[in-house]
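A.B. asks: Please find data.txt (compact mmCIF, C-alpha atoms) on the next line:
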# COMPACT_ATOMS: atom_id res chain seq x y z
CA MET A 1 9.70 3.75 -3.75
CA THR A 2 7.30 5.73 -5.94
CA ALA A 3 4.94 6.29 -3.01
CA PHE A 4 7.84 7.51 -0.85
CA VAL A 5 8.95 9.99 -3.51
CA GLY A 6 5.34 11.15 -3.85
CA ARG A 7 5.09 11.81 -0.11
CA GLU A 8 8.36 13.76 -0.19
CA ASP A 9 7.10 15.90 -3.08
CA ALA A 10 3.78 16.53 -1.29
CA ALA A 11 5.59 17.59 1.90
CA ARG A 12 7.79 19.97 -0.08
CA ARG A 13 4.77 21.52 -1.78
CA ASN A 14 3.01 21.83 1.59
CA LEU A 15 5.97 23.72 3.03
CA LEU A 16 5.96 26.06 0.02
CA LEU A 17 2.26 26.63 0.66
CA LEU A 18 3.04 27.57 4.27
CA VAL A 19 5.67 29.99 3.01
CA LEU A 20 3.08 31.62 0.75
CA LEU A 21 0.56 31.88 3.60
CA ARG A 22 3.25 33.37 5.82
CA TRP A 23 3.89 36.10 3.24
CA LEU A 24 0.16 36.89 3.32
CA ALA A 25 0.23 36.88 7.13
CA VAL A 26 3.22 39.25 7.21
CA GLY A 27 1.52 41.62 4.77
CA GLY A 28 -1.77 41.49 6.67
CA GLN A 29 -0.12 42.07 10.06
CA LEU A 30 1.97 44.95 8.73
CA ALA A 31 -1.09 46.64 7.22
CA THR A 32 -3.06 46.13 10.47
CA ILE A 33 -0.24 47.55 12.62
CA LEU A 34 0.11 50.65 10.43
CA LEU A 35 -3.67 51.14 10.35
CA VAL A 36 -4.01 50.90 14.13
CA GLU A 37 -0.97 53.09 14.81
CA PHE A 38 -1.45 55.89 12.28
CA VAL A 39 -5.14 55.87 11.39
CA LEU A 40 -6.85 54.79 14.61
CA ASP A 41 -4.15 56.57 16.65
CA ILE A 42 -3.68 53.65 19.07
CA ARG A 43 -0.09 53.44 20.26
CA LEU A 44 1.52 50.04 19.73
CA PRO A 45 4.99 48.77 20.72
CA LEU A 46 6.17 49.08 17.11
CA PHE A 47 9.75 47.91 17.50
CA PRO A 48 9.08 44.42 18.97
CA MET A 49 6.07 43.88 16.68
CA LEU A 50 8.01 44.84 13.54
CA ALA A 51 10.97 42.76 14.76
CA THR A 52 8.65 39.74 14.98
CA LEU A 53 7.55 40.35 11.39
CA GLY A 54 11.21 40.61 10.40
CA GLY A 55 11.85 37.20 11.95
CA LEU A 56 9.03 35.69 9.88
CA VAL A 57 10.44 37.27 6.72
CA ALA A 58 13.90 35.83 7.50
CA LEU A 59 12.39 32.40 8.11
CA ASN A 60 10.56 32.56 4.78
CA LEU A 61 13.69 33.52 2.87
CA LEU A 62 15.68 30.73 4.54
CA GLN A 63 13.08 28.09 3.74
CA LEU A 64 12.68 29.29 0.15
CA ALA A 65 16.44 29.06 -0.37
CA SER A 66 16.74 25.50 0.96
CA VAL A 67 13.45 23.70 0.38
CA ARG A 68 14.05 22.97 -3.32
CA PHE A 69 17.24 21.01 -2.61
CA ARG A 70 16.19 18.67 0.20
CA SER A 71 13.35 16.55 1.50
CA VAL A 72 10.81 17.91 3.98
CA SER A 73 9.66 15.89 6.98
CA ASN A 74 6.54 16.06 9.10
CA GLY A 75 8.69 17.44 11.93
CA GLU A 76 9.78 20.39 9.80
CA LEU A 77 6.18 21.21 8.87
CA LEU A 78 5.24 21.01 12.55
CA GLY A 79 8.17 23.26 13.47
CA ALA A 80 7.13 25.84 10.87
CA LEU A 81 3.57 25.94 12.23
CA LEU A 82 4.81 26.18 15.83
CA ILE A 83 6.97 29.18 14.85
CA ASP A 84 3.89 30.80 13.29
CA VAL A 85 1.94 30.13 16.50
CA ALA A 86 4.77 31.62 18.58
CA ALA A 87 4.92 34.73 16.37
CA LEU A 88 1.16 35.20 16.57
CA THR A 89 1.30 34.76 20.35
CA VAL A 90 3.97 37.45 20.63
CA GLN A 91 1.99 39.87 18.44
CA LEU A 92 -1.19 39.29 20.46
CA ALA A 93 0.66 39.61 23.78
CA LEU A 94 1.92 43.02 22.63
CA SER A 95 -1.54 44.16 21.55
CA GLY A 96 -4.10 43.27 24.18
CA GLY A 97 -3.82 39.48 24.53
CA ALA A 98 -7.13 37.61 24.65
CA THR A 99 -9.06 40.87 24.22
CA ASN A 100 -7.60 41.22 20.71
CA PRO A 101 -10.19 39.98 18.17
CA PHE A 102 -7.40 38.50 16.02
CA ILE A 103 -6.91 35.78 18.64
CA THR A 104 -9.25 33.61 16.55
CA LEU A 105 -6.38 33.25 14.04
CA PHE A 106 -5.10 30.46 16.28
CA LEU A 107 -7.87 28.36 14.77
CA LEU A 108 -6.36 28.85 11.31
CA GLN A 109 -3.11 27.27 12.55
CA VAL A 110 -5.09 24.33 13.91
CA VAL A 111 -6.89 23.83 10.59
CA LEU A 112 -3.60 23.94 8.67
CA GLY A 113 -2.09 21.42 11.06
CA ALA A 114 -5.06 19.06 10.71
CA VAL A 115 -4.71 19.11 6.92
CA LEU A 116 -0.92 19.04 6.54
CA LEU A 117 0.43 17.12 9.56
CA GLU A 118 0.26 13.62 10.94
CA ALA A 119 -2.45 13.01 13.53
CA TRP A 120 -0.21 13.21 16.62
CA SER A 121 1.28 16.49 15.36
CA SER A 122 -2.19 17.97 14.85
CA TRP A 123 -3.18 17.17 18.44
CA LEU A 124 0.08 18.66 19.70
CA LEU A 125 -0.76 21.87 17.83
CA VAL A 126 -4.19 21.91 19.49
CA ALA A 127 -2.55 21.67 22.91
CA VAL A 128 -0.01 24.42 22.13
CA THR A 129 -2.58 26.89 20.74
CA SER A 130 -4.96 26.20 23.65
CA ALA A 131 -2.17 26.88 26.13
CA ALA A 132 -1.20 30.07 24.26
CA PHE A 133 -4.83 31.24 24.31
CA ALA A 134 -5.07 30.62 28.07
CA LEU A 135 -1.74 32.36 28.69
CA LEU A 136 -2.84 35.45 26.75
CA THR A 137 -5.84 35.91 29.04
CA VAL A 138 -3.50 36.77 31.93
CA VAL A 139 -0.17 37.76 30.32
CA HIS A 140 -0.38 40.58 27.80
CA HIS A 141 0.47 44.22 27.25
CA PRO A 142 -2.64 46.40 27.72
CA LEU A 143 -3.29 48.93 24.99
CA PRO A 144 -3.96 52.62 25.75
CA LEU A 145 -7.36 52.71 24.05
CA GLN A 146 -9.49 55.77 23.53
CA PRO A 147 -12.83 55.84 25.38
CA GLY A 148 -14.75 54.71 22.31
CA PHE A 149 -12.65 51.58 21.97
CA VAL A 150 -12.48 50.50 25.60
CA SER A 151 -14.30 47.29 26.59
CA HIS A 152 -14.21 45.27 29.79
CA LEU A 153 -14.46 41.49 29.38
CA SER A 154 -15.41 39.49 32.43
CA VAL A 155 -13.46 36.44 33.59
CA ALA A 156 -16.44 34.24 32.73
CA TYR A 157 -16.49 35.58 29.15
CA LYS A 158 -12.75 34.96 28.75
CA ALA A 159 -13.12 31.43 30.13
CA GLY A 160 -16.05 30.80 27.79
CA SER A 161 -14.06 32.10 24.82
CA TRP A 162 -11.18 29.80 25.68
CA PHE A 163 -13.48 26.80 26.07
CA SER A 164 -15.19 27.62 22.77
CA PHE A 165 -11.81 27.77 21.04
CA VAL A 166 -10.67 24.43 22.50
CA LEU A 167 -13.95 22.77 21.51
CA ALA A 168 -13.74 24.11 17.96
CA ALA A 169 -10.07 23.06 17.64
CA VAL A 170 -10.76 19.53 18.90
CA LEU A 171 -13.72 19.07 16.56
CA VAL A 172 -11.78 20.42 13.58
CA VAL A 173 -8.85 18.08 14.14
CA ALA A 174 -11.10 15.09 14.86
CA PHE A 175 -13.19 15.49 11.72
CA VAL A 176 -10.47 16.69 9.35
CA THR A 177 -8.11 13.86 10.29
CA ARG A 178 -10.95 11.35 9.87
CA ILE A 179 -11.82 12.77 6.46
CA ALA A 180 -8.15 12.75 5.44
CA ARG A 181 -7.84 9.10 6.51
CA ASN A 182 -10.93 8.20 4.50
CA LEU A 183 -9.47 9.93 1.44
CA ARG A 184 -6.18 8.07 1.86
CA GLU A 185 -8.01 4.75 2.14
CA ARG A 186 -10.02 5.58 -0.97
CA ASP A 187 -6.86 6.47 -2.90
CA ALA A 188 -5.21 3.24 -1.74
CA HIS A 189 -8.25 1.25 -2.87
CA LEU A 190 -8.23 2.96 -6.27
CA ALA A 191 -4.52 2.26 -6.63
CA THR A 192 -5.15 -1.41 -5.84
CA MET A 193 -7.95 -1.59 -8.39
CA ARG A 194 -5.73 0.04 -11.04
CA GLN A 195 -2.99 -2.46 -10.25
CA ARG A 196 -5.41 -5.35 -10.63
CA ALA A 197 -6.70 -3.95 -13.91
CA THR A 198 -3.12 -3.73 -15.16
CA GLU A 199 -2.48 -7.32 -14.11
CA GLN A 200 -5.65 -8.52 -15.85
CA GLU A 201 -4.59 -6.68 -18.99
CA HIS A 202 -1.21 -8.38 -18.72
CA ILE A 203 -2.90 -11.79 -18.49
CA VAL A 204 -5.01 -10.98 -21.55
CA ARG A 205 -1.85 -10.16 -23.51
CA ILE A 206 -0.29 -13.43 -22.41
CA GLY A 207 -3.49 -15.19 -23.47
CA LEU A 208 -3.34 -13.72 -26.96
CA LEU A 209 0.31 -14.77 -27.28
CA ALA A 210 -0.44 -18.27 -25.97
CA SER A 211 -3.40 -18.72 -28.33
CA GLY A 212 -1.22 -17.75 -31.26
CA ALA A 213 1.51 -20.12 -30.08
CA ALA A 214 -1.02 -22.93 -29.73
CA HIS A 215 -2.22 -22.49 -33.31
CA GLU A 216 1.31 -22.16 -34.69
CA LEU A 217 3.01 -24.94 -32.72
CA GLY A 218 0.24 -27.44 -32.07
CA THR A 219 -0.02 -28.79 -35.61
CA PRO A 220 3.75 -29.17 -36.27
CA LEU A 221 4.25 -30.92 -32.94
CA ALA A 222 1.41 -33.34 -33.66
CA THR A 223 2.90 -34.06 -37.11
CA LEU A 224 6.32 -34.67 -35.60
CA SER A 225 4.86 -36.97 -32.97
CA VAL A 226 3.12 -39.11 -35.61
CA ALA A 227 6.22 -39.23 -37.80
CA LEU A 228 8.46 -40.22 -34.89
CA GLY A 229 6.02 -42.95 -33.95
CA ASP A 230 6.25 -44.40 -37.46
CA TRP A 231 10.05 -44.20 -37.37
CA ARG A 232 10.19 -45.94 -34.00
CA ARG A 233 8.13 -48.87 -35.30
CA GLU A 234 10.38 -49.25 -38.34
CA ALA A 235 13.71 -48.63 -36.61
CA HIS A 236 15.59 -51.94 -36.23
CA ASP A 237 18.94 -50.39 -35.31
CA PRO A 238 19.09 -49.97 -31.49
CA ALA A 239 21.09 -46.76 -31.79
CA LEU A 240 18.54 -45.25 -34.18
CA ALA A 241 15.69 -46.41 -31.96
CA ALA A 242 17.33 -44.70 -29.00
CA GLU A 243 17.68 -41.46 -30.96
CA VAL A 244 14.03 -41.62 -32.03
CA ALA A 245 12.97 -42.22 -28.43
CA GLU A 246 15.00 -39.18 -27.37
CA MET A 247 13.36 -37.05 -30.04
CA GLU A 248 9.92 -38.25 -28.89
CA ALA A 249 10.82 -37.22 -25.37
CA GLU A 250 11.83 -33.77 -26.61
CA VAL A 251 8.57 -33.41 -28.55
CA ALA A 252 6.66 -34.40 -25.41
CA ARG A 253 8.64 -31.78 -23.51
CA CYS A 254 7.67 -29.16 -26.10
CA LYS A 255 4.02 -30.12 -25.64
CA GLU A 256 4.42 -29.78 -21.88
CA ILE A 257 5.94 -26.30 -22.28
CA LEU A 258 3.09 -25.33 -24.59
CA ALA A 259 0.58 -26.54 -22.00
CA GLY A 260 2.31 -24.37 -19.41
CA ILE A 261 2.01 -21.34 -21.69
CA LEU A 262 -1.70 -22.04 -22.14
CA PHE A 263 -2.09 -22.22 -18.37
CA ALA A 264 -0.32 -18.87 -18.04
CA ALA A 265 -2.90 -17.48 -20.45
CA GLY A 266 -5.73 -18.76 -18.30
CA GLU A 267 -6.74 -21.51 -20.74
CA VAL A 268 -6.35 -24.37 -18.30
CA THR A 269 -8.36 -27.18 -19.91
CA GLY A 270 -11.72 -27.77 -21.45
CA GLU A 271 -12.35 -30.81 -19.23
CA ALA A 272 -15.48 -31.07 -17.16
CA PRO A 273 -14.81 -30.54 -13.44
CA ALA A 274 -14.31 -33.74 -11.46
CA ARG A 275 -15.83 -34.42 -8.07
CA THR A 276 -13.41 -35.43 -5.35
CA THR A 277 -12.53 -34.66 -1.73
CA LEU A 278 -10.02 -32.17 -0.40
CA ARG A 279 -7.65 -34.82 0.96
CA ARG A 280 -7.79 -36.86 -2.24
CA PHE A 281 -7.36 -33.73 -4.39
CA VAL A 282 -4.13 -32.57 -2.71
CA GLY A 283 -2.78 -36.10 -2.35
CA GLY A 284 -3.36 -36.76 -6.04
CA ILE A 285 -1.46 -33.62 -7.00
CA VAL A 286 1.54 -34.75 -4.94
CA GLU A 287 1.44 -38.25 -6.48
CA ARG A 288 1.25 -36.90 -10.04
CA TRP A 289 4.09 -34.46 -9.46
CA GLY A 290 7.38 -35.52 -11.00
CA ARG A 291 9.19 -36.21 -7.69
CA PRO A 292 6.63 -37.12 -5.03
CA GLU A 293 9.35 -38.58 -2.77
CA LEU A 294 10.51 -35.01 -2.05
CA VAL A 295 7.13 -33.99 -0.62
CA THR A 296 5.96 -34.65 2.93
CA LEU A 297 2.19 -34.21 3.18
CA VAL A 298 1.01 -33.35 6.68
CA ASP A 299 -2.74 -33.96 6.94
CA GLY A 300 -4.26 -31.61 9.50
CA LEU A 301 -7.88 -32.20 8.42
CA ALA A 302 -10.46 -33.27 10.97
CA THR A 303 -12.94 -33.97 8.14
CA ASP A 304 -12.54 -34.52 4.40
CA PRO A 305 -15.06 -32.17 2.70
CA PRO A 306 -16.22 -32.95 -0.85
CA ILE A 307 -15.01 -30.45 -3.46
CA VAL A 308 -14.72 -29.96 -7.19
CA ALA A 309 -11.19 -30.51 -8.50
CA ASP A 310 -10.03 -27.11 -9.74
CA ARG A 311 -7.39 -27.53 -12.45
CA ALA A 312 -6.04 -24.00 -12.02
CA LEU A 313 -5.51 -24.59 -8.29
CA ALA A 314 -3.83 -27.92 -9.04
CA GLN A 315 -1.44 -26.25 -11.45
CA THR A 316 -0.75 -23.57 -8.85
CA LEU A 317 0.35 -26.21 -6.32
CA ILE A 318 2.55 -27.89 -8.93
CA ASN A 319 4.18 -24.54 -9.71
CA LEU A 320 4.88 -23.97 -6.00
CA LEU A 321 6.57 -27.38 -5.73
CA ASP A 322 8.61 -26.71 -8.87
CA ASN A 323 9.68 -23.29 -7.57
CA ALA A 324 10.79 -24.77 -4.24
CA ILE A 325 13.03 -27.35 -5.93
CA GLU A 326 14.43 -24.75 -8.33
CA ALA A 327 15.28 -22.61 -5.28
CA GLY A 328 17.57 -25.37 -3.99
CA ALA A 329 15.19 -27.14 -1.60
CA SER A 330 15.90 -30.80 -0.81
CA GLY A 331 12.31 -31.35 0.27
CA VAL A 332 8.95 -29.66 0.69
CA THR A 333 6.45 -30.06 3.51
CA LEU A 334 2.79 -29.47 2.62
CA LEU A 335 0.49 -28.78 5.55
CA LEU A 336 -3.22 -29.15 4.78
CA GLU A 337 -5.68 -27.53 7.21
CA LEU A 338 -9.30 -26.42 7.39
CA VAL A 339 -9.99 -23.40 9.62
CA ARG A 340 -13.20 -21.57 10.46
CA ASP A 341 -13.73 -17.92 11.34
CA ALA A 342 -16.06 -16.47 13.97
CA ALA A 343 -18.98 -16.58 11.50
CA GLY A 344 -18.44 -20.29 10.84
CA GLU A 345 -17.10 -19.82 7.28
CA ALA A 346 -14.43 -22.41 6.43
CA ASP A 347 -11.13 -21.66 4.67
CA ILE A 348 -8.68 -24.16 3.22
CA LEU A 349 -5.08 -23.48 4.25
CA ILE A 350 -2.27 -25.11 2.26
CA THR A 351 1.18 -24.18 3.58
CA ALA A 352 4.29 -25.12 1.60
CA ARG A 353 7.49 -25.05 3.68
CA ASP A 354 10.87 -25.76 2.06
CA ASP A 355 14.52 -25.70 3.08
CA GLY A 356 15.78 -23.79 0.05
CA ARG A 357 17.36 -20.37 -0.32
CA GLY A 358 14.18 -18.47 0.57
CA PHE A 359 12.99 -15.25 -1.02
CA PRO A 360 15.18 -12.15 -1.48
CA PRO A 361 13.79 -9.24 0.60
CA ALA A 362 13.24 -7.15 -2.55
CA PHE A 363 11.13 -9.94 -4.04
CA LEU A 364 8.86 -10.13 -0.99
CA GLU A 365 8.04 -6.43 -1.40
CA THR A 366 6.78 -7.01 -4.97
CA ILE A 367 5.34 -10.48 -4.64
CA GLY A 368 2.44 -11.25 -6.96
CA ARG A 369 3.64 -8.93 -9.72
CA PRO A 370 4.54 -10.37 -13.11
CA TYR A 371 8.17 -11.18 -13.91
CA GLN A 372 9.34 -10.67 -10.34
CA SER A 373 11.66 -13.60 -9.67
CA SER A 374 14.90 -14.62 -8.01
CA LYS A 375 15.72 -16.70 -11.11
CA GLU A 376 17.93 -15.27 -13.81
CA ARG A 377 16.32 -16.88 -16.85
CA ARG A 378 14.07 -14.81 -19.09
CA GLY A 379 10.34 -15.15 -18.55
CA ALA A 380 10.70 -16.27 -14.94
CA GLY A 381 8.50 -14.83 -12.24
CA LEU A 382 5.08 -15.74 -13.60
CA GLY A 383 4.47 -18.59 -11.13
CA LEU A 384 3.52 -16.62 -8.02
CA PHE A 385 1.89 -13.91 -10.14
CA LEU A 386 -0.46 -16.45 -11.72
CA ALA A 387 -0.96 -18.22 -8.39
CA ALA A 388 -2.01 -14.95 -6.76
CA ASN A 389 -4.47 -14.28 -9.58
CA VAL A 390 -5.91 -17.83 -9.43
CA LEU A 391 -6.47 -17.46 -5.68
CA ARG A 392 -7.96 -14.01 -6.14
CA THR A 393 -10.43 -15.47 -8.64
CA LEU A 394 -11.42 -18.08 -6.06
CA GLY A 395 -11.77 -15.37 -3.38
CA GLY A 396 -8.59 -16.42 -1.59
CA ALA A 397 -5.14 -14.97 -1.01
CA LEU A 398 -1.46 -15.90 -1.14
CA GLU A 399 1.09 -15.06 1.52
CA ALA A 400 4.83 -15.64 1.13
CA ARG A 401 7.59 -15.08 3.67
CA ASN A 402 10.93 -16.46 4.75
CA ASP A 403 11.15 -19.00 7.56
CA PRO A 404 13.38 -17.69 10.40
CA HIS A 405 14.97 -21.17 10.51
CA GLY A 406 15.73 -21.16 6.78
CA GLY A 407 13.78 -21.69 3.59
CA ALA A 408 10.49 -20.20 2.48
CA LEU A 409 6.87 -20.40 3.59
CA VAL A 410 4.04 -19.95 1.09
CA THR A 411 0.47 -20.12 2.38
CA LEU A 412 -2.57 -20.48 0.14
CA ARG A 413 -5.93 -19.53 1.66
CA ILE A 414 -9.01 -20.59 -0.33
CA PRO A 415 -12.63 -20.29 0.84
CA LEU A 416 -14.09 -23.78 0.99
CA ALA A 417 -17.28 -22.41 -0.58
CA ALA A 418 -15.33 -21.64 -3.78
CA LEU A 419 -14.61 -25.35 -4.28
CA ALA A 420 -17.66 -26.88 -2.59
CA LEU A 421 -19.98 -28.95 -4.76
CA GLU A 422 -23.02 -26.90 -3.76
CA GLU A 423 -21.40 -23.70 -5.00
CA ARG A 424 -20.19 -25.07 -8.32
CA ARG A 425 -23.29 -26.87 -9.62
So, in terms of structure tokens, how does the structure I just supplied come out?

C.D. replies:
Amino acid sequence: MTAFVGREDAARRNLLLLVLLRWLAVGGQLATILLVEFVLDIRLPLFPMLATLGGLVALNLLQLASVRFRSVSNGELLGALLIDVAALTVQLALSGGATNPFITLFLLQVVLGAVLLEAWSSWLLVAVTSAAFALLTVVHHPLPLQPGFVSHLSVAYKAGSWFSFVLAAVLVVAFVTRIARNLRERDAHLATMRQRATEQEHIVRIGLLASGAAHELGTPLATLSVALGDWRREAHDPALAAEVAEMEAEVARCKEILAGILFAAGEVTGEAPARTTLRRFVGGIVERWGRPELVTLVDGLATDPPIVADRALAQTLINLLDNAIEAGASGVTLLLELVRDAAGEADILITARDDGRGFPPAFLETIGRPYQSSKERRGAGLGLFLAANVLRTLGGALEARNDPHGGALVTLRIPLAALALEERR
């Protein structure tokens, strides 16, 4: 939405710039007409030429009165430039046509179009100005020049001038549009890098909060766990024993929540990485998950490459399974594949397909940003944000979309080299 508003504002400012340039053009043409008519004593068709200037003035006043209260499209910018080209063509046709040295001003319109318009509009402007140039070589009002001003241009010279103009216009549009595209790509890259820096800063803030929570809550929870263990051993009343067991379960739940906060902060574990295989790694995650009967693991591996068990990736898969069940899914299908690109580099593909409610369209547009969630509880929305950052750290990517047949599809792509034993030693 912000980018769309920015484009609208840029288009409005571009139209105001054209209005300013048109004022300069009107002033310059008026001064030139008066100079030629009254100083150089060359008779011009004043009425139609001044009427053309009057039309440009009226157009400027109309656009100034309306541009501040509405959006401006590429088509309107193109229309404004085409009107300028038409006015210049009329003025040149009334004052010598292609023999008028001001015919090179067509190139200014082409340059403005290359900078301000979309690519197809710029090429249309090249075609229109080239046709106008060619038309002015044969259709124009000859001027009654004095002997000192008379010149005779051959057909070959006029054809060469036209060809030179077309060549210059084509090169200008080709290079200016390429440069503009490069600048847009650079700006998009910078915006992406700023977004990633913001996300990393967000993770650091979560880490500081989680570290503080770990110090504040870890010790009391450990004390409570020890005390409840002593009570359970000394509790002879079955009802009291049941209550103590329930309290122990709640303390364990608090520890689990605290572990989740530490994972959100990026402090996964301090354990040494374990060697395993890809098939065993994913299968073990499914078995350790709370409800493995809801998961159907589809093994699409031709081989079972050895890898290092990445705890962050394991937690990411667990979060995806949790999210699917929370979204109303009755089951999740995990498809495990290993694909290779043209260069022979292998990528791990893990696709989670569920039959839940799917993602809201607005969520898909902001996927991977913190606190973007279809859940209503506070603090939700970190799962896919953290998953996207874990995959980015591993050199992979996350893609989420809705299945046309219902439910959601989340695909994790991880370079095998990021988990291979040779890369992690």

A.B. asks: Quick one, how far is CA of Arg275 in chain A from CA of Pro306 in chain A?

C.D. replies: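 Calculated distance between CA of Arg275 in chain A and CA of Pro306 in chain A is 7.4 Å.
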
A.B. asks: Taking 2 positions as the minimum chain separation for residues in the same chain, which residues sit within 7 Å of range 86-98 of chain A when counting only C-alpha atoms? Answer as a PyMOL selection string.

C.D. replies: chain A and resi 44-45+49+52+82-84+100+103+132-133+136-137+139-143

A.B. asks: Kindly compute an axis-aligned box around the listed atoms of range 163-173 of chain A, allowing 5 Å on each side, and express its centre and edge lengths in Å to one decimal as lines of an AutoDock Vina configuration file.

C.D. replies:
center_x = -12.0
center_y = 22.9
center_z = 19.8
size_x = 16.3
size_y = 19.7
size_z = 22.5

A.B. asks: Quick one: residues within 9 Å of Leu391 in chain A, all atoms listed in the file counted, chain neighbours fewer than 2 positions away excluded, as a list in words?

C.D. replies: Leu313, Thr316, Leu386, Ala387, Ala388, Asn389, Thr393, Leu394, Gly395, Gly396, Ala397, Leu398, Leu412, Arg413 and Ile414 of chain A

A.B. asks: Deliver the residues from the most recent selection as a file, using C-alpha atoms, as an mmCIF file, in the coordinates of the input.

C.D. replies:
data_model
loop_
_atom_site.group_PDB
_atom_site.id
_atom_site.type_symbol
_atom_site.label_atom_id
_atom_site.label_comp_id
_atom_site.auth_asym_id
_atom_site.auth_seq_id
_atom_site.Cartn_x
_atom_site.Cartn_y
_atom_site.Cartn_z
ATOM 1 C CA LEU A 313 -5.510 -24.590 -8.290
ATOM 2 C CA THR A 316 -0.750 -23.570 -8.850
ATOM 3 C CA LEU A 386 -0.460 -16.450 -11.720
ATOM 4 C CA ALA A 387 -0.960 -18.220 -8.390
ATOM 5 C CA ALA A 388 -2.010 -14.950 -6.760
ATOM 6 C CA ASN A 389 -4.470 -14.280 -9.580
ATOM 7 C CA THR A 393 -10.430 -15.470 -8.640
ATOM 8 C CA LEU A 394 -11.420 -18.080 -6.060
ATOM 9 C CA GLY A 395 -11.770 -15.370 -3.380
ATOM 10 C CA GLY A 396 -8.590 -16.420 -1.590
ATOM 11 C CA ALA A 397 -5.140 -14.970 -1.010
ATOM 12 C CA LEU A 398 -1.460 -15.900 -1.140
ATOM 13 C CA LEU A 412 -2.570 -20.480 0.140
ATOM 14 C CA ARG A 413 -5.930 -19.530 1.660
ATOM 15 C CA ILE A 414 -9.010 -20.590 -0.330
#

A.B. asks: Which polymer residues, protein or nucleic acid, are no farther than 9 Å from (5.9, -22.5, 5.6), counting only C-alpha atoms, as an MDAnalysis selection string?

C.D. replies: chainID A and resid 333:335 351:354 400:403 407:411

A.B. asks: Find the residues near Ala274 in chain A: any atom within 9 Å, counting all atoms listed in the file, skip ones fewer than 3 places away on the same chain, and give them as a list in words.

C.D. replies: Glu271, Ile307, Val308, Ala309 and Asp310 of chain A

A.B. asks: Just checking: using all atoms listed in the file, which residue out of A:Val67, A:Leu336, A:Val57, A:Val166 ends up closest to Leu107 in chain A?

C.D. replies: A:Val166

A.B. asks: Quick one: pull the distance between CA of Gly328 in chain A and CA of Gly356 in chain A, Å, one decimal.

C.D. replies: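 Taking CA of Gly328 in chain A and CA of Gly356 in chain A, their separation equals 4.7 Å.
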
A.B. asks: Which residues are near Ala134 in chain A? Cut-off 9 Å, only C-alpha atoms, ignore same chain within fewer than 3 positions. Put them as a list in words.

C.D. replies: Ala98, Thr129, Ser130, Ala131, Thr137, Val138, Val139, Lys158, Ala159 and Trp162 of chain A

A.B. asks: I need the chosen residues saved as a PDB file, in the coordinates of the input, with C-alpha atoms.

C.D. replies:
ATOM      1  CA  ALA A  98      -7.130  37.610  24.650  1.00  0.00           C
ATOM      2  CA  THR A 129      -2.580  26.890  20.740  1.00  0.00           C
ATOM      3  CA  SER A 130      -4.960  26.200  23.650  1.00  0.00           C
ATOM      4  CA  ALA A 131      -2.170  26.880  26.130  1.00  0.00           C
ATOM      5  CA  THR A 137      -5.840  35.910  29.040  1.00  0.00           C
ATOM      6  CA  VAL A 138      -3.500  36.770  31.930  1.00  0.00           C
ATOM      7  CA  VAL A 139      -0.170  37.760  30.320  1.00  0.00           C
ATOM      8  CA  LYS A 158     -12.750  34.960  28.750  1.00  0.00           C
ATOM      9  CA  ALA A 159     -13.120  31.430  30.130  1.00  0.00           C
ATOM     10  CA  TRP A 162     -11.180  29.800  25.680  1.00  0.00           C
TER      11      TRP A 162
END
